[in-house]
file final_31.cif (mmCIF, C-alpha atoms and all ligand atoms)
data_upload
loop_
_atom_site.label_atom_id
_atom_site.label_comp_id
_atom_site.auth_asym_id
_atom_site.auth_seq_id
_atom_site.Cartn_x
_atom_site.Cartn_y
_atom_site.Cartn_z
CA MET O 135 218.26 -33.63 -39.25
CA ASN O 136 218.21 -32.76 -35.53
CA TYR O 137 221.08 -33.81 -33.25
CA GLY O 138 220.38 -34.25 -29.52
CA PHE O 139 223.01 -34.45 -26.80
CA ILE O 140 222.30 -35.88 -23.35
CA GLY O 141 225.22 -34.50 -21.34
CA ALA O 142 226.98 -31.18 -21.84
CA GLY O 143 230.55 -31.79 -20.64
CA ASN O 144 233.93 -31.79 -22.40
CA MET O 145 233.12 -34.43 -25.00
CA ALA O 146 229.64 -33.14 -25.86
CA THR O 147 231.08 -29.63 -26.18
CA ALA O 148 233.84 -30.85 -28.54
CA MET O 149 231.28 -32.63 -30.76
CA ILE O 150 228.84 -29.69 -30.77
CA LYS O 151 231.65 -27.26 -31.68
CA GLY O 152 232.67 -29.67 -34.45
CA LEU O 153 229.11 -29.75 -35.85
CA ILE O 154 228.92 -25.95 -35.85
CA TYR O 155 232.41 -25.81 -37.44
CA ALA O 156 231.10 -28.18 -40.13
CA GLY O 157 228.24 -25.80 -40.89
CA ILE O 158 225.34 -27.53 -39.11
CA ASP O 159 222.68 -24.95 -38.24
CA SER O 160 222.75 -24.39 -34.48
CA LYS O 161 218.92 -24.52 -34.39
CA ASN O 162 219.23 -28.23 -35.24
CA ILE O 163 221.41 -28.99 -32.19
CA TYR O 164 219.77 -29.75 -28.82
CA VAL O 165 221.46 -30.35 -25.47
CA SER O 166 220.26 -31.50 -22.07
CA SER O 167 222.02 -31.70 -18.68
CA PRO O 168 221.22 -30.63 -15.12
CA HIS O 169 223.75 -27.79 -14.77
CA SER O 170 225.85 -26.99 -17.84
CA ALA O 171 223.41 -27.26 -20.77
CA ALA O 172 221.80 -23.81 -20.43
CA LYS O 173 225.15 -22.02 -20.37
CA LEU O 174 226.54 -24.11 -23.24
CA ALA O 175 223.39 -23.45 -25.27
CA ALA O 176 223.65 -19.70 -24.65
CA ASN O 177 227.36 -19.66 -25.59
CA LEU O 178 226.99 -21.67 -28.79
CA HIS O 179 223.46 -20.48 -29.73
CA ILE O 180 222.09 -24.03 -29.69
CA GLN O 181 218.86 -25.27 -28.05
CA ALA O 182 218.75 -26.27 -24.36
CA ALA O 183 215.95 -28.76 -23.76
CA ASP O 184 214.86 -31.49 -21.38
CA SER O 185 215.71 -35.05 -22.34
CA GLU O 186 212.06 -35.78 -23.22
CA THR O 187 212.02 -33.01 -25.83
CA ILE O 188 215.33 -34.24 -27.20
CA THR O 189 214.12 -37.80 -27.59
CA LYS O 190 211.00 -36.51 -29.36
CA LYS O 191 212.65 -34.00 -31.71
CA CYS O 192 216.00 -35.53 -32.57
CA ASP O 193 216.80 -38.13 -35.20
CA ILE O 194 220.14 -38.97 -33.59
CA VAL O 195 220.62 -38.94 -29.81
CA ILE O 196 224.21 -38.76 -28.59
CA ILE O 197 224.67 -39.87 -24.99
CA ALA O 198 227.65 -38.13 -23.38
CA PHE O 199 227.19 -38.48 -19.63
CA LEU O 200 229.46 -40.59 -17.40
CA PRO O 201 229.71 -44.36 -17.99
CA ASN O 202 228.55 -45.19 -14.45
CA GLN O 203 225.27 -43.35 -15.17
CA LEU O 204 224.29 -45.69 -18.02
CA ARG O 205 221.75 -47.75 -16.09
CA THR O 206 220.31 -45.12 -13.72
CA LEU O 207 220.02 -42.34 -16.27
CA GLY O 208 219.57 -44.61 -19.29
CA ASN O 209 216.51 -46.30 -17.81
CA SER O 210 214.78 -42.92 -17.51
CA LEU O 211 215.17 -42.15 -21.24
CA ASN O 212 212.69 -43.25 -23.89
CA LEU O 213 214.92 -43.93 -26.90
CA ASP O 214 212.53 -46.28 -28.67
CA GLY O 215 213.37 -46.38 -32.40
CA LYS O 216 216.16 -43.77 -32.16
CA ILE O 217 219.71 -44.04 -33.40
CA VAL O 218 221.66 -43.78 -30.14
CA ILE O 219 225.34 -42.91 -30.36
CA SER O 220 227.19 -43.56 -27.13
CA VAL O 221 230.60 -42.05 -26.39
CA LEU O 222 230.69 -43.69 -22.94
CA ALA O 223 234.14 -45.22 -22.45
CA GLN O 224 234.15 -48.98 -21.95
CA VAL O 225 230.37 -49.27 -22.37
CA THR O 226 229.84 -52.08 -24.90
CA ILE O 227 227.20 -52.69 -27.55
CA ALA O 228 225.86 -55.50 -25.32
CA ASP O 229 225.46 -52.97 -22.44
CA LEU O 230 223.69 -50.50 -24.74
CA ASP O 231 221.40 -53.16 -26.24
CA GLU O 232 220.47 -54.22 -22.70
CA VAL O 233 219.61 -50.70 -21.50
CA PHE O 234 218.08 -49.47 -24.80
CA PRO O 235 216.60 -52.68 -26.28
CA THR O 236 214.41 -50.91 -28.83
CA ALA O 237 216.98 -48.35 -29.98
CA PHE O 238 219.62 -48.66 -32.72
CA ASN O 239 222.80 -48.48 -30.72
CA VAL O 240 226.27 -47.39 -31.75
CA ARG O 241 229.40 -47.48 -29.64
CA SER O 242 231.87 -44.75 -30.51
CA LEU O 243 235.17 -43.48 -29.22
CA PRO O 244 236.00 -39.98 -30.43
CA ASN O 245 238.98 -37.80 -29.61
CA ILE O 246 239.42 -34.11 -28.81
CA ASN O 247 240.15 -33.17 -32.42
CA SER O 248 236.43 -33.61 -33.24
CA ALA O 249 235.98 -29.97 -32.20
CA ILE O 250 237.81 -28.80 -35.34
CA GLY O 251 236.56 -31.50 -37.71
CA LYS O 252 239.83 -33.43 -37.46
CA GLY O 253 238.69 -36.10 -35.01
CA SER O 254 239.54 -39.76 -35.22
CA THR O 255 236.64 -41.94 -34.06
CA ALA O 256 236.25 -45.69 -33.57
CA LEU O 257 232.80 -47.15 -34.27
CA ALA O 258 231.03 -50.43 -33.51
CA PHE O 259 227.40 -51.04 -34.48
CA SER O 260 224.65 -53.07 -32.90
CA LYS O 261 223.51 -55.85 -35.26
CA ARG O 262 220.10 -54.16 -35.34
CA LEU O 263 221.25 -51.25 -37.52
CA SER O 264 220.38 -51.33 -41.23
CA GLU O 265 222.86 -50.24 -43.92
CA SER O 266 221.06 -46.91 -44.28
CA GLN O 267 221.20 -46.29 -40.49
CA ILE O 268 224.93 -47.07 -40.54
CA GLU O 269 225.30 -44.53 -43.34
CA VAL O 270 223.47 -41.89 -41.24
CA VAL O 271 225.88 -42.56 -38.36
CA GLN O 272 228.93 -42.44 -40.64
CA ASN O 273 227.68 -39.13 -42.08
CA TYR O 274 227.41 -37.71 -38.55
CA TRP O 275 230.97 -38.71 -37.64
CA HIS O 276 232.39 -37.57 -40.99
CA LEU O 277 231.26 -34.06 -40.07
CA LEU O 278 233.74 -34.37 -37.19
CA GLY O 279 236.66 -36.16 -38.86
CA THR O 280 237.56 -39.71 -39.88
CA THR O 281 236.15 -43.03 -38.63
CA SER O 282 237.42 -46.59 -38.16
CA VAL O 283 234.92 -49.44 -37.77
CA LEU O 284 236.56 -51.81 -35.28
CA ASP O 285 235.89 -55.00 -33.38
CA GLU O 286 235.13 -53.96 -29.82
CA GLN O 287 238.19 -55.85 -28.58
CA HIS O 288 240.32 -53.23 -30.40
CA PHE O 289 238.73 -50.21 -28.69
CA ALA O 290 241.38 -50.27 -25.93
CA ILE O 291 244.32 -49.93 -28.33
CA PHE O 292 242.38 -47.36 -30.37
CA SER O 293 241.80 -45.41 -27.17
CA ALA O 294 245.54 -45.44 -26.38
CA ILE O 295 246.58 -44.28 -29.87
CA ALA O 296 243.74 -41.93 -30.85
CA GLY O 297 242.23 -40.98 -27.46
CA SER O 298 245.43 -40.56 -25.46
CA GLY O 299 247.57 -40.00 -28.58
CA PRO O 300 246.97 -36.23 -28.74
CA ALA O 301 248.61 -35.95 -25.28
CA PHE O 302 251.57 -38.03 -26.49
CA VAL O 303 252.00 -35.90 -29.63
CA LEU O 304 251.83 -32.78 -27.42
CA LYS O 305 254.52 -34.35 -25.21
CA PHE O 306 256.74 -34.69 -28.31
CA ILE O 307 255.99 -31.10 -29.37
CA ASP O 308 256.96 -29.92 -25.89
CA ALA O 309 260.21 -31.94 -26.02
CA LEU O 310 261.07 -30.31 -29.40
CA THR O 311 260.23 -26.92 -27.87
CA GLN O 312 262.47 -27.52 -24.83
CA ALA O 313 265.33 -28.61 -27.12
CA GLY O 314 264.88 -25.38 -29.07
CA ILE O 315 265.02 -23.34 -25.86
CA ASN O 316 268.09 -25.28 -24.68
CA ASN O 317 269.78 -24.23 -27.91
CA GLY O 318 269.02 -20.52 -27.53
CA LEU O 319 265.53 -19.96 -29.06
CA ASP O 320 263.01 -17.97 -27.03
CA GLY O 321 260.07 -20.07 -25.73
CA GLU O 322 257.40 -18.54 -27.96
CA SER O 323 259.39 -19.03 -31.17
CA ALA O 324 260.43 -22.57 -30.18
CA ALA O 325 256.80 -23.55 -29.45
CA ALA O 326 255.53 -22.07 -32.74
CA ILE O 327 258.28 -23.76 -34.79
CA ALA O 328 257.72 -27.16 -33.12
CA ALA O 329 253.91 -27.06 -33.53
CA SER O 330 253.96 -25.96 -37.17
CA THR O 331 256.60 -28.59 -37.99
CA VAL O 332 254.42 -31.39 -36.55
CA ALA O 333 251.25 -30.04 -38.22
CA GLY O 334 252.99 -29.58 -41.60
CA THR O 335 254.66 -33.01 -41.47
CA THR O 336 251.33 -34.70 -40.71
CA GLU O 337 249.73 -32.97 -43.68
CA THR O 338 252.67 -33.86 -45.93
CA LEU O 339 252.32 -37.52 -44.93
CA GLN O 340 248.54 -37.52 -45.44
CA LYS O 341 248.84 -35.88 -48.88
CA SER O 342 251.60 -38.24 -50.04
CA ASN O 343 251.14 -41.75 -51.37
CA SER O 344 253.91 -42.83 -49.06
CA ASP O 345 254.38 -44.14 -45.54
CA ALA O 346 256.08 -42.53 -42.55
CA VAL O 347 259.31 -44.56 -42.74
CA THR O 348 259.82 -43.88 -46.48
CA LEU O 349 259.25 -40.14 -46.03
CA MET O 350 261.55 -40.14 -42.97
CA ASN O 351 264.34 -41.77 -44.97
CA ASN O 352 263.81 -39.29 -47.82
CA VAL O 353 264.46 -36.43 -45.38
CA ALA O 354 267.53 -38.12 -43.84
CA SER O 355 270.33 -38.45 -46.37
CA PRO O 356 273.15 -40.86 -45.41
CA GLY O 357 275.86 -39.17 -43.35
CA GLY O 358 273.71 -36.02 -42.87
CA SER O 359 272.62 -34.22 -39.71
CA THR O 360 269.01 -35.60 -39.77
CA ARG O 361 270.40 -39.13 -40.00
CA ALA O 362 272.64 -38.36 -36.98
CA GLY O 363 269.53 -37.36 -35.02
CA LEU O 364 267.56 -40.44 -36.11
CA ASP O 365 270.52 -42.68 -35.17
CA ASN O 366 270.45 -41.07 -31.73
CA PHE O 367 266.71 -41.91 -31.41
CA GLU O 368 267.61 -45.53 -32.29
CA GLN O 369 270.44 -45.66 -29.74
CA ASN O 370 268.04 -44.43 -27.06
CA ASP O 371 265.39 -46.96 -28.11
CA PHE O 372 262.71 -44.42 -29.00
CA ASP O 373 260.31 -47.08 -30.39
CA THR O 374 260.54 -49.07 -27.15
CA ILE O 375 259.74 -45.96 -25.11
CA VAL O 376 256.63 -45.26 -27.23
CA ASN O 377 255.53 -48.91 -27.21
CA SER O 378 255.93 -49.07 -23.45
CA ALA O 379 253.86 -45.88 -22.96
CA ILE O 380 251.08 -47.29 -25.20
CA ASN O 381 251.10 -50.58 -23.26
CA ALA O 382 250.93 -48.70 -19.94
CA THR O 383 247.90 -46.81 -21.30
CA VAL O 384 246.16 -49.95 -22.59
CA ASN O 385 246.79 -51.87 -19.36
CA HIS O 386 245.84 -49.06 -16.98
CA LYS O 387 243.07 -50.09 -14.61
CA HIS O 388 240.65 -47.33 -13.65
CA THR O 389 240.24 -47.07 -9.87
N1 LIG O 401 236.70 -36.24 -22.40
C1 LIG O 401 237.16 -37.05 -23.35
O1 LIG O 401 238.20 -36.80 -23.99
C2 LIG O 401 236.39 -38.30 -23.71
C3 LIG O 401 236.84 -39.06 -24.79
C4 LIG O 401 236.11 -40.18 -25.18
C5 LIG O 401 234.97 -40.54 -24.47
N2 LIG O 401 234.57 -39.79 -23.40
C6 LIG O 401 233.32 -40.18 -22.69
O2 LIG O 401 232.43 -39.09 -22.79
C7 LIG O 401 231.57 -39.09 -21.67
C8 LIG O 401 231.56 -37.70 -21.08
O3 LIG O 401 232.89 -37.36 -20.72
P1 LIG O 401 233.25 -35.86 -20.43
O4 LIG O 401 234.73 -35.78 -20.37
O5 LIG O 401 232.50 -34.97 -21.35
O6 LIG O 401 232.64 -35.74 -18.94
P2 LIG O 401 232.11 -34.45 -18.18
O7 LIG O 401 232.79 -33.23 -18.73
O8 LIG O 401 232.23 -34.76 -16.73
O9 LIG O 401 230.57 -34.38 -18.60
C9 LIG O 401 229.60 -35.24 -18.06
C10 LIG O 401 228.27 -34.63 -18.39
O10 LIG O 401 227.23 -35.51 -17.95
C11 LIG O 401 226.17 -34.65 -17.58
N3 LIG O 401 225.13 -35.27 -16.76
C12 LIG O 401 225.19 -35.68 -15.47
N4 LIG O 401 223.98 -36.11 -15.06
C13 LIG O 401 223.13 -35.95 -16.12
C14 LIG O 401 221.75 -36.16 -16.32
N5 LIG O 401 220.97 -36.64 -15.35
N6 LIG O 401 221.21 -35.86 -17.54
C15 LIG O 401 221.97 -35.37 -18.53
N7 LIG O 401 223.30 -35.12 -18.39
C16 LIG O 401 223.87 -35.40 -17.20
C17 LIG O 401 226.85 -33.55 -16.81
O11 LIG O 401 225.94 -32.46 -16.73
P3 LIG O 401 226.21 -31.12 -15.86
O12 LIG O 401 227.51 -30.56 -16.38
O13 LIG O 401 225.05 -30.29 -16.19
O14 LIG O 401 226.31 -31.56 -14.43
C18 LIG O 401 228.05 -33.28 -17.71
O15 LIG O 401 227.73 -32.30 -18.68
C19 LIG O 401 232.09 -40.13 -20.70
O16 LIG O 401 231.23 -41.24 -20.74
C20 LIG O 401 233.47 -40.48 -21.22
O17 LIG O 401 233.76 -41.83 -21.00
C21 LIG O 401 235.23 -38.66 -23.02
#
call {"tool": "encode", "arguments": {"input": "final_31.cif", "output": "structure tokens"}}
result
Amino acid sequence: MNYGFIGAGNMATAMIKGLIYAGIDSKNIYVSSPHSAAKLAANLHIQAADSETITKKCDIVIIAFLPNQLRTLGNSLNLDGKIVISVLAQVTIADLDEVFPTAFNVRSLPNINSAIGKGSTALAFSKRLSESQIEVVQNYWHLLGTTSVLDEQHFAIFSAIAGSGPAFVLKFIDALTQAGINNGLDGESAAAIAASTVAGTTETLQKSNSDAVTLMNNVASPGGSTRAGLDNFEQNDFDTIVNSAINATVNHKHT
């Protein structure tokens, strides 16, 4: 299976690194873009090619240029009969089906963790895809992490939680780090302790048959110090702060 990328920016790079991390042979990965593709190809030992070669050689074509280029650039590509995976934010299946009427179009929304095979990706499929084509697409994304098939109306909330979420989790890690420094730890130790605590807790949750609230209550015995901290989160309305930040993200209008 050959994978072709049109666009060689941040998102394409994350996906290509994820494929290599997953063990895909770099000779099966092609990339095309006016400026960055040659350098990216040299760095990651993949194949730089023009878009015509990519559309000929690749079974799956991933479009990763900017959303406002869909019509201008899209109309110059011959994607007849190809599975086309778009990562273009806010570009719908209807848009893709209009620009690539003879392709099998997939709307996807990945996040930065795809680069280490821990991505979380939303998917929506054009009605034209068969079950076996959907399986091919799912297999691609499972190389890069987990997937959620969603109604397109839910892409905005998915984007806030999974797309912007890594920045929010990093914000929390930084707040833990600063609290550690305020209480006498050096910055390096505080950062390492905070990051490994968040990573370990996530893995504990994922490996358990439990939910976050149950595990949280298991850690916080009544009258104990963890409970005192959680009570303080409650008093300061932590959930409202998070909900408000997610709503601000969902409702943000791009200028
Ligand atoms: N970054 C994210 O976290 C993220 C998350 C989800 C979705 N997305 C979506 O992913 C897409 C790319 O975002 P990005 O952050 O990777 O942007 P980016 O870093 O600015 O990359 C855009 C790429 O488009 C390429 N390009 C421009 N004209 C082209 C052409 N004629 N043919 C082929 N490639 C061309 C550019 O090539 P040169 O570099 O050679 O000029 C560049 O590599 C966007 O549609 C965005 O909505 C991004």
call {"tool": "closest_residue", "arguments": {"input": "final_31.cif", "among": "O:Leu243, O:Gly357, O:Gly314, O:Phe302", "to": "Ile375 of chain O", "atoms": "only C-alpha atoms"}}
result
O:Phe302
call {"tool": "residues_around", "arguments": {"input": "final_31.cif", "residues": "segment 173-185 of chain O", "least_positions_apart": "3", "cutoff": "12 Å", "atoms": "all atoms listed in the file", "output": "PyMOL selection string"}}
result
chain O and resi 136-144+146-155+158-170+188-192+195-197+207-208+210-213
call {"tool": "write_last_selection", "arguments": {"input": "final_31.cif", "atoms": "C-alpha atoms", "output": "PDB file, in the frame of the given file"}}
result
ATOM      1  CA  ASN O 136     218.210 -32.760 -35.530  1.00  0.00           C
ATOM      2  CA  TYR O 137     221.080 -33.810 -33.250  1.00  0.00           C
ATOM      3  CA  GLY O 138     220.380 -34.250 -29.520  1.00  0.00           C
ATOM      4  CA  PHE O 139     223.010 -34.450 -26.800  1.00  0.00           C
ATOM      5  CA  ILE O 140     222.300 -35.880 -23.350  1.00  0.00           C
ATOM      6  CA  GLY O 141     225.220 -34.500 -21.340  1.00  0.00           C
ATOM      7  CA  ALA O 142     226.980 -31.180 -21.840  1.00  0.00           C
ATOM      8  CA  GLY O 143     230.550 -31.790 -20.640  1.00  0.00           C
ATOM      9  CA  ASN O 144     233.930 -31.790 -22.400  1.00  0.00           C
ATOM     10  CA  ALA O 146     229.640 -33.140 -25.860  1.00  0.00           C
ATOM     11  CA  THR O 147     231.080 -29.630 -26.180  1.00  0.00           C
ATOM     12  CA  ALA O 148     233.840 -30.850 -28.540  1.00  0.00           C
ATOM     13  CA  MET O 149     231.280 -32.630 -30.760  1.00  0.00           C
ATOM     14  CA  ILE O 150     228.840 -29.690 -30.770  1.00  0.00           C
ATOM     15  CA  LYS O 151     231.650 -27.260 -31.680  1.00  0.00           C
ATOM     16  CA  GLY O 152     232.670 -29.670 -34.450  1.00  0.00           C
ATOM     17  CA  LEU O 153     229.110 -29.750 -35.850  1.00  0.00           C
ATOM     18  CA  ILE O 154     228.920 -25.950 -35.850  1.00  0.00           C
ATOM     19  CA  TYR O 155     232.410 -25.810 -37.440  1.00  0.00           C
ATOM     20  CA  ILE O 158     225.340 -27.530 -39.110  1.00  0.00           C
ATOM     21  CA  ASP O 159     222.680 -24.950 -38.240  1.00  0.00           C
ATOM     22  CA  SER O 160     222.750 -24.390 -34.480  1.00  0.00           C
ATOM     23  CA  LYS O 161     218.920 -24.520 -34.390  1.00  0.00           C
ATOM     24  CA  ASN O 162     219.230 -28.230 -35.240  1.00  0.00           C
ATOM     25  CA  ILE O 163     221.410 -28.990 -32.190  1.00  0.00           C
ATOM     26  CA  TYR O 164     219.770 -29.750 -28.820  1.00  0.00           C
ATOM     27  CA  VAL O 165     221.460 -30.350 -25.470  1.00  0.00           C
ATOM     28  CA  SER O 166     220.260 -31.500 -22.070  1.00  0.00           C
ATOM     29  CA  SER O 167     222.020 -31.700 -18.680  1.00  0.00           C
ATOM     30  CA  PRO O 168     221.220 -30.630 -15.120  1.00  0.00           C
ATOM     31  CA  HIS O 169     223.750 -27.790 -14.770  1.00  0.00           C
ATOM     32  CA  SER O 170     225.850 -26.990 -17.840  1.00  0.00           C
ATOM     33  CA  ILE O 188     215.330 -34.240 -27.200  1.00  0.00           C
ATOM     34  CA  THR O 189     214.120 -37.800 -27.590  1.00  0.00           C
ATOM     35  CA  LYS O 190     211.000 -36.510 -29.360  1.00  0.00           C
ATOM     36  CA  LYS O 191     212.650 -34.000 -31.710  1.00  0.00           C
ATOM     37  CA  CYS O 192     216.000 -35.530 -32.570  1.00  0.00           C
ATOM     38  CA  VAL O 195     220.620 -38.940 -29.810  1.00  0.00           C
ATOM     39  CA  ILE O 196     224.210 -38.760 -28.590  1.00  0.00           C
ATOM     40  CA  ILE O 197     224.670 -39.870 -24.990  1.00  0.00           C
ATOM     41  CA  LEU O 207     220.020 -42.340 -16.270  1.00  0.00           C
ATOM     42  CA  GLY O 208     219.570 -44.610 -19.290  1.00  0.00           C
ATOM     43  CA  SER O 210     214.780 -42.920 -17.510  1.00  0.00           C
ATOM     44  CA  LEU O 211     215.170 -42.150 -21.240  1.00  0.00           C
ATOM     45  CA  ASN O 212     212.690 -43.250 -23.890  1.00  0.00           C
ATOM     46  CA  LEU O 213     214.920 -43.930 -26.900  1.00  0.00           C
TER      47      LEU O 213
END
call {"tool": "residues_around", "arguments": {"input": "final_31.cif", "residues": "segment 283-292 of chain O", "least_positions_apart": "6", "cutoff": "12 Å", "atoms": "all atoms listed in the file", "output": "MDAnalysis selection string"}}
result
chainID O and resid 221:228 240:245 254:260 268 271:272 275 298:299 377 379:387
call {"tool": "atom_distance", "arguments": {"input": "final_31.cif", "atom1": "atom O10 of ligand LIG 401 (chain O)", "atom2": "atom CA of Ala198 of chain O"}}
result
6.0 Å
call {"tool": "residues_around", "arguments": {"input": "final_31.cif", "residues": "Ala328 of chain O", "least_positions_apart": "4", "cutoff": "6 Å", "atoms": "only C-alpha atoms", "output": "PDB file with C-alpha atoms, keeping the file's coordinate frame"}}
result
ATOM      1  CA  ILE O 307     255.990 -31.100 -29.370  1.00  0.00           C
ATOM      2  CA  LEU O 310     261.070 -30.310 -29.400  1.00  0.00           C
ATOM      3  CA  THR O 311     260.230 -26.920 -27.870  1.00  0.00           C
TER       4      THR O 311
END
call {"tool": "atom_distance", "arguments": {"input": "final_31.cif", "atom1": "atom CA of Gly251 of chain O", "atom2": "atom CA of Lys341 of chain O"}}
result
17.2 Å
call {"tool": "atom_distance", "arguments": {"input": "final_31.cif", "atom1": "atom CA of Val353 of chain O", "atom2": "atom CA of Glu337 of chain O"}}
result
15.2 Å
call {"tool": "closest_residue", "arguments": {"input": "final_31.cif", "among": "O:Ala156, O:Ala329, O:Ala171, O:Leu230", "to": "ligand LIG 401 (chain O)", "atoms": "all atoms listed in the file"}}
result
O:Ala171
call {"tool": "decode", "arguments": {"input": "final_31.cif", "residues": "segment 238-245 of chain O", "atoms": "all heavy atoms", "output": "PDB file, in the first residue's frame"}}
result
ATOM      1  N   PHE O 238     -13.368   8.763  -3.497  1.00  0.00           N
ATOM      2  CA  PHE O 238     -14.047   8.230  -2.317  1.00  0.00           C
ATOM      3  C   PHE O 238     -13.540   9.035  -1.129  1.00  0.00           C
ATOM      4  O   PHE O 238     -12.425   8.820  -0.650  1.00  0.00           O
ATOM      5  CB  PHE O 238     -13.760   6.731  -2.200  1.00  0.00           C
ATOM      6  CG  PHE O 238     -14.264   5.976  -3.401  1.00  0.00           C
ATOM      7  CD1 PHE O 238     -13.411   5.697  -4.469  1.00  0.00           C
ATOM      8  CD2 PHE O 238     -15.593   5.603  -3.487  1.00  0.00           C
ATOM      9  CE1 PHE O 238     -13.888   5.037  -5.590  1.00  0.00           C
ATOM     10  CE2 PHE O 238     -16.075   4.937  -4.614  1.00  0.00           C
ATOM     11  CZ  PHE O 238     -15.227   4.660  -5.670  1.00  0.00           C
ATOM     12  N   ASN O 239     -14.361   9.987  -0.693  1.00  0.00           N
ATOM     13  CA  ASN O 239     -13.854  11.036   0.183  1.00  0.00           C
ATOM     14  C   ASN O 239     -14.125  10.771   1.661  1.00  0.00           C
ATOM     15  O   ASN O 239     -15.205  10.316   2.041  1.00  0.00           O
ATOM     16  CB  ASN O 239     -14.497  12.368  -0.211  1.00  0.00           C
ATOM     17  CG  ASN O 239     -14.133  12.752  -1.625  1.00  0.00           C
ATOM     18  OD1 ASN O 239     -12.951  12.784  -1.974  1.00  0.00           O
ATOM     19  ND2 ASN O 239     -15.133  13.023  -2.469  1.00  0.00           N
ATOM     20  N   VAL O 240     -13.122  11.134   2.453  1.00  0.00           N
ATOM     21  CA  VAL O 240     -13.206  10.950   3.902  1.00  0.00           C
ATOM     22  C   VAL O 240     -12.804  12.265   4.566  1.00  0.00           C
ATOM     23  O   VAL O 240     -11.770  12.851   4.212  1.00  0.00           O
ATOM     24  CB  VAL O 240     -12.231   9.838   4.371  1.00  0.00           C
ATOM     25  CG1 VAL O 240     -12.346   9.618   5.869  1.00  0.00           C
ATOM     26  CG2 VAL O 240     -12.474   8.554   3.608  1.00  0.00           C
ATOM     27  N   ARG O 241     -13.634  12.720   5.488  1.00  0.00           N
ATOM     28  CA  ARG O 241     -13.265  13.883   6.291  1.00  0.00           C
ATOM     29  C   ARG O 241     -12.656  13.382   7.591  1.00  0.00           C
ATOM     30  O   ARG O 241     -13.235  12.517   8.257  1.00  0.00           O
ATOM     31  CB  ARG O 241     -14.507  14.736   6.590  1.00  0.00           C
ATOM     32  CG  ARG O 241     -14.210  15.937   7.470  1.00  0.00           C
ATOM     33  CD  ARG O 241     -15.475  16.739   7.755  1.00  0.00           C
ATOM     34  NE  ARG O 241     -15.193  17.870   8.609  1.00  0.00           N
ATOM     35  CZ  ARG O 241     -16.110  18.716   9.075  1.00  0.00           C
ATOM     36  NH1 ARG O 241     -17.385  18.540   8.753  1.00  0.00           N
ATOM     37  NH2 ARG O 241     -15.770  19.726   9.852  1.00  0.00           N
ATOM     38  N   SER O 242     -11.498  13.928   7.960  1.00  0.00           N
ATOM     39  CA  SER O 242     -10.893  13.483   9.207  1.00  0.00           C
ATOM     40  C   SER O 242     -10.370  14.678   9.979  1.00  0.00           C
ATOM     41  O   SER O 242     -10.097  15.740   9.408  1.00  0.00           O
ATOM     42  CB  SER O 242      -9.763  12.491   8.925  1.00  0.00           C
ATOM     43  OG  SER O 242      -8.758  13.146   8.196  1.00  0.00           O
ATOM     44  N   LEU O 243     -10.269  14.492  11.279  1.00  0.00           N
ATOM     45  CA  LEU O 243      -9.735  15.537  12.142  1.00  0.00           C
ATOM     46  C   LEU O 243      -8.784  14.871  13.134  1.00  0.00           C
ATOM     47  O   LEU O 243      -9.222  14.291  14.129  1.00  0.00           O
ATOM     48  CB  LEU O 243     -10.897  16.239  12.864  1.00  0.00           C
ATOM     49  CG  LEU O 243     -10.567  17.455  13.703  1.00  0.00           C
ATOM     50  CD1 LEU O 243      -9.691  18.436  12.943  1.00  0.00           C
ATOM     51  CD2 LEU O 243     -11.850  18.161  14.098  1.00  0.00           C
ATOM     52  N   PRO O 244      -7.497  14.891  12.806  1.00  0.00           N
ATOM     53  CA  PRO O 244      -6.512  14.248  13.685  1.00  0.00           C
ATOM     54  C   PRO O 244      -5.996  15.229  14.741  1.00  0.00           C
ATOM     55  O   PRO O 244      -6.323  16.405  14.690  1.00  0.00           O
ATOM     56  CB  PRO O 244      -5.381  13.883  12.717  1.00  0.00           C
ATOM     57  CG  PRO O 244      -5.498  14.848  11.590  1.00  0.00           C
ATOM     58  CD  PRO O 244      -6.885  15.432  11.592  1.00  0.00           C
ATOM     59  N   ASN O 245      -5.188  14.728  15.671  1.00  0.00           N
ATOM     60  CA  ASN O 245      -4.494  15.662  16.561  1.00  0.00           C
ATOM     61  C   ASN O 245      -2.989  15.375  16.568  1.00  0.00           C
ATOM     62  O   ASN O 245      -2.524  14.448  15.914  1.00  0.00           O
ATOM     63  CB  ASN O 245      -5.120  15.699  17.962  1.00  0.00           C
ATOM     64  CG  ASN O 245      -4.843  14.444  18.778  1.00  0.00           C
ATOM     65  OD1 ASN O 245      -4.115  13.553  18.355  1.00  0.00           O
ATOM     66  ND2 ASN O 245      -5.437  14.388  19.954  1.00  0.00           N
TER      67      ASN O 245
END
